[in-house]
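Right, one structure below, let's go through it.
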Amino acid sequence: MCILPPSVHNPFFSVIIPTYNRAHLVGETIESFLKQTFKNFELIIVDDGSTDNTKEVIHKYLSDPRVKYIYQENKERGAARNRGAKEARGTYFLFFDSDDIALPDHLEKAYELIMKHGTDKVMWLHGAYNAYFKKNIIHLKQKPLSGWATKRLMKGCDIWIATMFIRNDLFYTLLFDEDRSISGSEDWEFMIRASFKAPIFYQPHSTVLMRQHAGRSMNSPDVAKRSKLSVLNKIFLEKNISHSIKKYKNKAFGHGYLFIAISYFSTNDLNNARSFMKKAILSTPAMILSLRYLKWVVRVFLFPFMNFKQRYNRVLYLTYNGLCQPLGQSQVIPYIIGLSKQGYKFTVLSFEHHYEKDFEKEYQKVKAQLDNAGIGWIALKYHKYPRFFSSVYDILHGIIKAISFYIKEPYYIVHARSYVSGMMALVLKRLLRTKFIFDMRGMMADEKVDAGQWTRKSMSYKVTKWAERKMLKDADAIVVLTEKIKTYLQSFIYINTPITVIPTCVDLNRFPLRQGTHILLKTSKEDGNNSPIPSLLKRGTLLLDKDERQQMRQGLGIEDKIVIVYSGSLGTWYMFDEMVEFFKAIKSIEPRAYFLLLNKSEHDYAQRVLKEHAILPQDYMIKAVSPDEMHKYLWSSDIGIFFYKPTFSRTATYPTKLAEYLACGLPVIGNAGVGDTEEIILENNLGAIVYKFEEVEYKRAFERAMQLMNDPDFEKRAQEFVKASLSVEVGVKMYKGIYERLVFSEYIGDLI
């Protein structure tokens, strides 16, 4: 399209921004216009008697010839907008609030619509917008309003002033009402009068962020009541009002009373909320048939019996992983304990592997931990066989339990970890109108294909991909582990939900940094100069502090070894053969190399692979370790390793062990093609990446890891990185932001 060049004397748009004591916000609003792709506009800021440093903030923008500053005594927004329009020279006026944000194409999209229909036809227009709350964008579902808009506007303000453009000649026949009694709703009153004179056009692209904060005038129920009722009285007491407008009176007052009731409910003033709900139904009896009214009847009148408002802080956390398993203890419990301390009431519904050894002992330990944190727990039995049918049974069982629990304690958010839980949450969202967080964790169907368990033509794959599409489309929030998979998902046009990257984090209470363990290598004189690694790293004597690490190493008989550790499962995704090949290559240049394998139950398989590669029993140890003791064995090690199959589905993977290794001060050796691992390790100098599974690459990666192992600053750097990016505290903060956005979005649709 042709973008008109800037013109100080003949701008196409005049953007008029009234402001009052918003020095902390107005700068960002101004900057959002200076970044517009459409340049032919002027920006008029009307300071309505601010007593803060608004003038100083605006002054730095006056070097741009398009920006003009006007100061007047406080007369409220209607008067400030009229004052700005008096100075405006544009063909179309835009009245923008000083706390909202225009996206770069806001003016461009309006210009395109005007040019499409012609300036002779487009008297005024408005567009779509989203809310902006604590740095979270809330995507609003809006019904397009176009044509003769009076009937819709009588029910409430369907148009946000920041999206409304009006041709100058139409504006001058209207002007904003400067009556202070309607302040807060003067834009609604203005639009109703505009709707009498011309049809409105709709621009469907969201180009404005409506910032929500405590200082918004309409956040106050008293302001909402005063301004809403003043506008309605002003309109319907007008002597010259036509009969066609009078017929909307009862309905307009009914919707106005409902708005006021919702506003009072949002501040927990139930008496006023009930009073205005009654006035609404008396004014418009037919409203009892509307879903919107019925929804708020339940909330306002059944609150004492159902604790309905408390529902907004209640979360049902669904996980198909058992809390008694290591993954549940490291990647579920720490998060929900952290979030429960932020005021959210959690109940976890999990599927426990009751047939496993020591299950009862782990169950009692977890239950005591959750009880102490005030977290409810519904522990169902996990069924492994028969395949497919067992999963279907678990899903149905989980849904029934979740519904029966809702009847006792209504919850608002269902946080579903991975796909099976997501399928349950999708049903609960439809039946109970809950909010649904799809915490993906990976690409389940593609993982099965990459593992050779399914084909892309199999029914299991097709059903899972269908369910994945439904969950991604209907979820209210999506959480993924890596930036790479977020970028991939954003290419799907059916996903309109915000996607948040929260990597696999580590609980630093369970994996504290080892203390006083820095390793110094003393080079032996008998070493020759033919070693493939630098002399600094040649075989020598380990000089260690006498601490818990040293005691552990002595107890394990590895005090003089360089210990390469792997913790976790060995099947499917983990390239154990390649890890053993890596160790064998390192052993040929470093006789003190020792392989420590921390694994729960695959010992026979591990020993078979080690034997096939001719690794001697004295050079490795396989040990089952409880989650509570894992950090001690990592402390006792020197380098952490993991190799994953670099397939498509692995782009969604963030290895749990990466954060655990780093938290315990270990340099990490990983392979390329696994989520964001390569970028994280290399950009932060935390280890080495293997690009090819061959001996030369193995030795290069080991050399780099040894350099970091002997870097006196490495442990501190690793700990700082984990604290800033991979700690549970960071994850809790990000999840809290999602929860706050979902809770707030319940009101935003009815309170704008």
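Ordering of the structure tokens sets the chain letters (A, B, ...), residue numbers begin anew at 1 in every chain, and ligands are numbered from 1 in the order given.
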
### Task
Within 6 Å of Met277 (chain A), counting only C-alpha atoms, which residues show up once you throw out same-chain ones fewer than 2 positions away? Write them as a list of chain:residue names, please.
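In the requested form, the answer reads A:Leu258, A:Ala261, A:Arg274, A:Ser275, A:Lys279, A:Ala280.
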
### Message
Based on the backbone DSSP call, show me all residues of region 43-132 of chain A assigned helix (DSSP H, G or I), as a count of residues only.
### Response
30

### Task
Can you work out which one of A:Leu94, A:Leu327, A:Ala593, A:Leu62 has the shortest atom-to-atom distance to Ile16 (chain A), counting only C-alpha atoms?
A:Leu94

For Val625 (chain A), work out the shell of residues within 12 Å, counting only C-alpha atoms and skipping chain neighbours fewer than 2 positions away, then give it as a PDB file with N, CA and C atoms, in the first residue's frame.
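result01.pdb was written with the following content:
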```pdb
ATOM      1  N   PRO A 326      10.197 -40.019  40.769  1.00  0.00           N
ATOM      2  CA  PRO A 326      11.190 -38.930  40.822  1.00  0.00           C
ATOM      3  C   PRO A 326      10.775 -37.694  40.026  1.00  0.00           C
ATOM      4  N   SER A 567      22.525 -39.397  34.963  1.00  0.00           N
ATOM      5  CA  SER A 567      21.407 -39.735  35.839  1.00  0.00           C
ATOM      6  C   SER A 567      20.127 -39.810  35.028  1.00  0.00           C
ATOM      7  N   GLY A 568      19.326 -40.851  35.270  1.00  0.00           N
ATOM      8  CA  GLY A 568      18.043 -40.950  34.600  1.00  0.00           C
ATOM      9  C   GLY A 568      17.827 -42.251  33.862  1.00  0.00           C
ATOM     10  N   LEU A 596      29.800 -43.046  36.344  1.00  0.00           N
ATOM     11  CA  LEU A 596      28.816 -43.255  37.399  1.00  0.00           C
ATOM     12  C   LEU A 596      27.425 -43.149  36.779  1.00  0.00           C
ATOM     13  N   LEU A 597      26.674 -44.239  36.839  1.00  0.00           N
ATOM     14  CA  LEU A 597      25.337 -44.290  36.254  1.00  0.00           C
ATOM     15  C   LEU A 597      24.310 -44.368  37.380  1.00  0.00           C
ATOM     16  N   LEU A 598      23.496 -43.324  37.475  1.00  0.00           N
ATOM     17  CA  LEU A 598      22.451 -43.266  38.503  1.00  0.00           C
ATOM     18  C   LEU A 598      21.119 -43.578  37.821  1.00  0.00           C
ATOM     19  N   ASN A 599      20.643 -44.789  38.035  1.00  0.00           N
ATOM     20  CA  ASN A 599      19.467 -45.281  37.312  1.00  0.00           C
ATOM     21  C   ASN A 599      18.639 -46.146  38.245  1.00  0.00           C
ATOM     22  N   LYS A 600      17.339 -46.064  38.078  1.00  0.00           N
ATOM     23  CA  LYS A 600      16.441 -46.715  39.027  1.00  0.00           C
ATOM     24  C   LYS A 600      16.317 -48.222  38.821  1.00  0.00           C
ATOM     25  N   SER A 601      16.134 -48.664  37.562  1.00  0.00           N
ATOM     26  CA  SER A 601      15.749 -50.073  37.407  1.00  0.00           C
ATOM     27  C   SER A 601      16.291 -50.776  36.164  1.00  0.00           C
ATOM     28  N   MET A 621      30.170 -47.646  37.903  1.00  0.00           N
ATOM     29  CA  MET A 621      29.260 -48.023  38.990  1.00  0.00           C
ATOM     30  C   MET A 621      27.834 -47.711  38.549  1.00  0.00           C
ATOM     31  N   ILE A 622      26.916 -48.635  38.784  1.00  0.00           N
ATOM     32  CA  ILE A 622      25.494 -48.437  38.520  1.00  0.00           C
ATOM     33  C   ILE A 622      24.779 -48.445  39.860  1.00  0.00           C
ATOM     34  N   LYS A 623      24.008 -47.411  40.115  1.00  0.00           N
ATOM     35  CA  LYS A 623      23.423 -47.300  41.444  1.00  0.00           C
ATOM     36  C   LYS A 623      22.024 -46.703  41.363  1.00  0.00           C
ATOM     37  N   PRO A 627      15.461 -39.842  45.231  1.00  0.00           N
ATOM     38  CA  PRO A 627      15.487 -38.420  44.850  1.00  0.00           C
ATOM     39  C   PRO A 627      16.130 -37.531  45.914  1.00  0.00           C
ATOM     40  N   ASP A 628      15.963 -37.898  47.187  1.00  0.00           N
ATOM     41  CA  ASP A 628      16.509 -37.078  48.265  1.00  0.00           C
ATOM     42  C   ASP A 628      18.024 -37.115  48.340  1.00  0.00           C
ATOM     43  N   GLU A 629      18.630 -38.151  47.759  1.00  0.00           N
ATOM     44  CA  GLU A 629      20.087 -38.304  47.837  1.00  0.00           C
ATOM     45  C   GLU A 629      20.787 -38.017  46.515  1.00  0.00           C
ATOM     46  N   MET A 630      20.008 -37.738  45.472  1.00  0.00           N
ATOM     47  CA  MET A 630      20.591 -37.552  44.143  1.00  0.00           C
ATOM     48  C   MET A 630      21.675 -36.488  44.139  1.00  0.00           C
ATOM     49  N   HIS A 631      21.425 -35.363  44.817  1.00  0.00           N
ATOM     50  CA  HIS A 631      22.386 -34.256  44.766  1.00  0.00           C
ATOM     51  C   HIS A 631      23.739 -34.647  45.338  1.00  0.00           C
ATOM     52  N   LYS A 632      23.774 -35.555  46.312  1.00  0.00           N
ATOM     53  CA  LYS A 632      25.048 -35.959  46.914  1.00  0.00           C
ATOM     54  C   LYS A 632      25.915 -36.696  45.903  1.00  0.00           C
ATOM     55  N   TYR A 633      25.286 -37.501  45.069  1.00  0.00           N
ATOM     56  CA  TYR A 633      26.041 -38.240  44.049  1.00  0.00           C
ATOM     57  C   TYR A 633      26.486 -37.310  42.919  1.00  0.00           C
ATOM     58  N   LEU A 634      25.675 -36.302  42.626  1.00  0.00           N
ATOM     59  CA  LEU A 634      26.120 -35.319  41.637  1.00  0.00           C
ATOM     60  C   LEU A 634      27.260 -34.484  42.201  1.00  0.00           C
TER      61      LEU A 634
END
```

### Message
Which residue is closest to Ile262 (chain A)? Choose from A:Val690, A:Lys225, A:Thr284, A:Val609 and count only C-alpha atoms.
### Response
A:Lys225

## Note on the structure
Judged by only C-alpha atoms, the minimum distance to Pro334 (chain A) among A:Arg510, A:Arg741, A:Arg592, A:Lys109 is found for A:Arg510

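If you look at CA of Thr653 (chain A) and CA of Ile586 (chain A), they are 27.0 Å away from each other.
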
### Message
Excluding Ser185 (chain A) and its own-chain neighbours fewer than 2 positions away, which residues fall within 8 Å of it when counting only C-alpha atoms? Please give them as a ChimeraX atom specification.
### Response
/A:182-183,187-189,224,227-228,231

Take the residues from that selection and write them out as a JSON list (two decimals), in the first residue's frame, keeping C-alpha atoms.
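What follows is the written file part_1.json:
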```json
[["chain", "number", "residue", "atom", "x", "y", "z"],
["A", 182, "ILE", "CA", -20.43, 11.36, 33.27],
["A", 183, "SER", "CA", -16.64, 11.31, 33.48],
["A", 187, "ASP", "CA", -16.83, 8.22, 25.41],
["A", 188, "TRP", "CA", -19.84, 5.87, 25.57],
["A", 189, "GLU", "CA", -22.23, 8.81, 25.56],
["A", 224, "ALA", "CA", -19.03, 3.04, 37.19],
["A", 227, "SER", "CA", -21.09, 7.66, 35.17],
["A", 228, "LYS", "CA", -23.22, 4.85, 33.70],
["A", 231, "VAL", "CA", -25.23, 8.83, 30.75]]
```

Hey, which bits of region 388-413 of chain A sit within 10 Å of region 335-348 of chain A, and for each residue what's the closest pair of atoms and how far apart in Å (one decimal), counting only C-alpha atoms, rows by chain and increasing number, as a Markdown table?
```
| residue | atom | partner | partner_atom | distance |
| --- | --- | --- | --- | --- |
| A:Ala402 | CA | A:Thr347 | CA | 10.0 |
| A:Phe405 | CA | A:Thr347 | CA | 9.5 |
| A:Glu409 | CA | A:Thr347 | CA | 9.9 |
| A:Tyr411 | CA | A:Lys345 | CA | 8.8 |
| A:Ile413 | CA | A:Phe346 | CA | 9.7 |
```

### Query
Of the residues A:Arg430, A:Arg83, A:Lys68, A:Lys486, which is the one nearest to Glu178 (chain A), using only C-alpha atoms?
A:Arg83

### Task
From region 135-267 of chain A, collect each residue whose DSSP state is strand (DSSP E or B) and return the set as an MDAnalysis selection string.
chainID A and resid 136:138 147 165:167 200:211

Give me a file of those residues, with C-alpha atoms, as a PDB file, in the first residue's frame.
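Writing done, so here's out29.pdb:
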```pdb
ATOM      1  CA  ASN A 136       0.599 -10.399  29.788  1.00  0.00           C
ATOM      2  CA  ILE A 137      -1.558  -9.945  26.700  1.00  0.00           C
ATOM      3  CA  ILE A 138      -5.145 -11.113  27.201  1.00  0.00           C
ATOM      4  CA  GLY A 147     -23.395  -0.665  10.498  1.00  0.00           C
ATOM      5  CA  PHE A 165     -11.350   7.076  14.370  1.00  0.00           C
ATOM      6  CA  ILE A 166     -13.853   9.782  13.402  1.00  0.00           C
ATOM      7  CA  ARG A 167     -13.888  12.169  10.449  1.00  0.00           C
ATOM      8  CA  ILE A 200     -19.715   2.556  11.790  1.00  0.00           C
ATOM      9  CA  PHE A 201     -17.052   0.448  10.049  1.00  0.00           C
ATOM     10  CA  TYR A 202     -15.089  -2.327  11.774  1.00  0.00           C
ATOM     11  CA  GLN A 203     -11.372  -3.085  11.421  1.00  0.00           C
ATOM     12  CA  PRO A 204     -10.860  -6.717  12.609  1.00  0.00           C
ATOM     13  CA  HIS A 205      -7.119  -6.696  13.361  1.00  0.00           C
ATOM     14  CA  SER A 206      -6.167  -6.203  17.035  1.00  0.00           C
ATOM     15  CA  THR A 207      -3.928  -3.137  16.995  1.00  0.00           C
ATOM     16  CA  VAL A 208      -4.292  -1.747  20.527  1.00  0.00           C
ATOM     17  CA  LEU A 209      -3.380  -3.041  23.986  1.00  0.00           C
ATOM     18  CA  MET A 210      -5.705  -1.754  26.692  1.00  0.00           C
ATOM     19  CA  ARG A 211      -3.532  -1.616  29.788  1.00  0.00           C
TER      20      ARG A 211
END
```

Non-local contacts of Tyr594 (chain A) (12 Å; only C-alpha atoms; under 3 positions in same chain excluded) as a PDB file with C-alpha atoms, in the first residue's frame:
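Dumped everything to part_33.pdb:
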```pdb
ATOM      1  CA  ARG A 553      33.885 -40.167  47.076  1.00  0.00           C
ATOM      2  CA  LEU A 556      32.289 -44.974  46.843  1.00  0.00           C
ATOM      3  CA  GLY A 557      35.976 -45.683  46.272  1.00  0.00           C
ATOM      4  CA  ILE A 558      36.338 -42.968  43.622  1.00  0.00           C
ATOM      5  CA  GLU A 559      38.355 -40.325  45.488  1.00  0.00           C
ATOM      6  CA  ASP A 560      41.142 -40.295  42.868  1.00  0.00           C
ATOM      7  CA  LYS A 561      38.863 -40.527  39.822  1.00  0.00           C
ATOM      8  CA  ILE A 562      37.467 -38.057  37.288  1.00  0.00           C
ATOM      9  CA  VAL A 563      33.818 -39.016  37.472  1.00  0.00           C
ATOM     10  CA  ILE A 564      31.516 -38.651  34.472  1.00  0.00           C
ATOM     11  CA  VAL A 565      27.931 -39.003  35.659  1.00  0.00           C
ATOM     12  CA  TYR A 566      24.682 -39.789  33.900  1.00  0.00           C
ATOM     13  CA  VAL A 580      29.391 -45.587  26.638  1.00  0.00           C
ATOM     14  CA  PHE A 582      32.150 -41.526  24.707  1.00  0.00           C
ATOM     15  CA  PHE A 583      33.446 -42.929  27.983  1.00  0.00           C
ATOM     16  CA  LYS A 584      35.546 -45.549  26.202  1.00  0.00           C
ATOM     17  CA  ALA A 585      37.169 -42.849  24.040  1.00  0.00           C
ATOM     18  CA  ILE A 586      37.937 -40.712  27.100  1.00  0.00           C
ATOM     19  CA  LYS A 587      39.273 -43.681  29.043  1.00  0.00           C
ATOM     20  CA  SER A 588      41.917 -44.155  26.352  1.00  0.00           C
ATOM     21  CA  GLU A 590      42.506 -40.349  30.778  1.00  0.00           C
ATOM     22  CA  PRO A 591      43.012 -43.548  32.810  1.00  0.00           C
ATOM     23  CA  LEU A 597      25.337 -44.290  36.254  1.00  0.00           C
ATOM     24  CA  ILE A 615      34.230 -51.460  29.838  1.00  0.00           C
ATOM     25  CA  LEU A 616      35.768 -53.077  32.909  1.00  0.00           C
ATOM     26  CA  PRO A 617      33.669 -53.390  36.089  1.00  0.00           C
ATOM     27  CA  GLN A 618      36.222 -51.380  38.091  1.00  0.00           C
ATOM     28  CA  ASP A 619      35.683 -48.391  35.781  1.00  0.00           C
ATOM     29  CA  TYR A 620      31.989 -47.866  36.382  1.00  0.00           C
ATOM     30  CA  MET A 621      29.260 -48.023  38.990  1.00  0.00           C
ATOM     31  CA  ILE A 622      25.494 -48.437  38.520  1.00  0.00           C
ATOM     32  CA  SER A 636      30.643 -36.442  44.052  1.00  0.00           C
ATOM     33  CA  SER A 637      30.969 -36.233  40.278  1.00  0.00           C
ATOM     34  CA  ASP A 638      33.001 -33.966  38.003  1.00  0.00           C
ATOM     35  CA  ILE A 639      31.189 -33.797  34.632  1.00  0.00           C
ATOM     36  CA  GLY A 640      27.533 -34.382  33.719  1.00  0.00           C
TER      37      GLY A 640
END
```

### Message
Quick check, in Å to one decimal: how far apart do CA of Met440 (chain A) and CA of Ser727 (chain A) lie?
### Response
19.3 Å

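Distances from A:Leu428, A:Leu472, A:Ile245, A:Leu229 to Phe259 (chain A) were compared using only C-alpha atoms, and the smallest one belongs to A:Leu229.
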
#### Entry: Counting only C-alpha atoms, the residue of A:Val15, A:Val392, A:Met444, A:Leu349 that sits nearest Ser649 (chain A)
A:Met444

### Task
Compile the contact shell of Ala194 (chain A) as a ChimeraX atom specification: residues with an atom at most 9 Å away, counting only C-alpha atoms, same-chain residues fewer than 3 positions apart removed.
/A:124,150,170-171,174,189-191,197-200

Would you mind exporting the chosen residues as a PDB file, in the first residue's frame, restricted to C-alpha atoms?
```pdb
ATOM      1  CA  TRP A 124     -16.160   6.762  11.758  1.00  0.00           C
ATOM      2  CA  THR A 150     -27.301   2.305  18.322  1.00  0.00           C
ATOM      3  CA  LEU A 170     -18.673  14.546  11.966  1.00  0.00           C
ATOM      4  CA  PHE A 171     -16.816  15.173  15.201  1.00  0.00           C
ATOM      5  CA  LEU A 174     -20.957  16.209  18.219  1.00  0.00           C
ATOM      6  CA  GLU A 189     -22.230   8.812  25.556  1.00  0.00           C
ATOM      7  CA  PHE A 190     -20.365  10.332  22.614  1.00  0.00           C
ATOM      8  CA  MET A 191     -20.538   7.104  20.606  1.00  0.00           C
ATOM      9  CA  LYS A 197     -25.800  10.065  12.551  1.00  0.00           C
ATOM     10  CA  ALA A 198     -23.755   7.514  10.634  1.00  0.00           C
ATOM     11  CA  PRO A 199     -23.021   3.779  10.407  1.00  0.00           C
ATOM     12  CA  ILE A 200     -19.715   2.556  11.790  1.00  0.00           C
TER      13      ILE A 200
END
```

Considering only C-alpha atoms, return as an mmCIF file with C-alpha atoms, in the first residue's frame whatever protein or nucleic-acid residues lie within 12 Å of region 466-468 of chain A, sequence-local ones (same chain, fewer than 4 positions apart) excluded.
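The new file selection_0.cif reads:
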```
data_model
loop_
_atom_site.group_PDB
_atom_site.id
_atom_site.type_symbol
_atom_site.label_atom_id
_atom_site.label_comp_id
_atom_site.auth_asym_id
_atom_site.auth_seq_id
_atom_site.Cartn_x
_atom_site.Cartn_y
_atom_site.Cartn_z
ATOM 1 C CA SER A 418 1.099 -33.248 29.114
ATOM 2 C CA TYR A 419 -1.362 -34.879 26.732
ATOM 3 C CA VAL A 420 -3.395 -37.439 28.680
ATOM 4 C CA SER A 421 -4.087 -34.861 31.383
ATOM 5 C CA GLY A 422 -4.820 -32.316 28.652
ATOM 6 C CA MET A 423 -7.552 -34.519 27.213
ATOM 7 C CA MET A 424 -9.227 -34.635 30.631
ATOM 8 C CA ALA A 425 -8.867 -30.872 31.031
ATOM 9 C CA LEU A 426 -10.433 -30.259 27.631
ATOM 10 C CA VAL A 427 -13.596 -32.100 28.717
ATOM 11 C CA PHE A 438 -2.073 -26.971 28.424
ATOM 12 C CA ASP A 439 1.405 -27.651 29.798
ATOM 13 C CA MET A 440 2.633 -29.600 26.762
ATOM 14 C CA GLY A 442 6.687 -32.275 24.436
ATOM 15 C CA MET A 443 5.143 -33.447 21.152
ATOM 16 C CA MET A 444 3.661 -36.784 22.189
ATOM 17 C CA ALA A 445 2.536 -38.156 18.806
ATOM 18 C CA ASP A 446 5.789 -37.192 17.088
ATOM 19 C CA MET A 459 -4.795 -44.595 14.131
ATOM 20 C CA SER A 460 -3.030 -43.799 17.424
ATOM 21 C CA TYR A 461 -0.976 -41.082 15.751
ATOM 22 C CA LYS A 462 -3.979 -39.553 13.970
ATOM 23 C CA LEU A 472 -3.855 -26.141 21.296
ATOM 24 C CA LYS A 473 -6.895 -24.427 19.819
ATOM 25 C CA ASP A 474 -9.056 -24.414 22.963
ATOM 26 C CA ALA A 475 -6.465 -23.934 25.697
ATOM 27 C CA ILE A 478 -0.048 -22.970 26.444
ATOM 28 C CA LEU A 489 3.691 -23.703 17.069
ATOM 29 C CA TYR A 494 -5.553 -21.919 14.565
ATOM 30 C CA ILE A 495 -3.547 -21.135 17.707
#
```
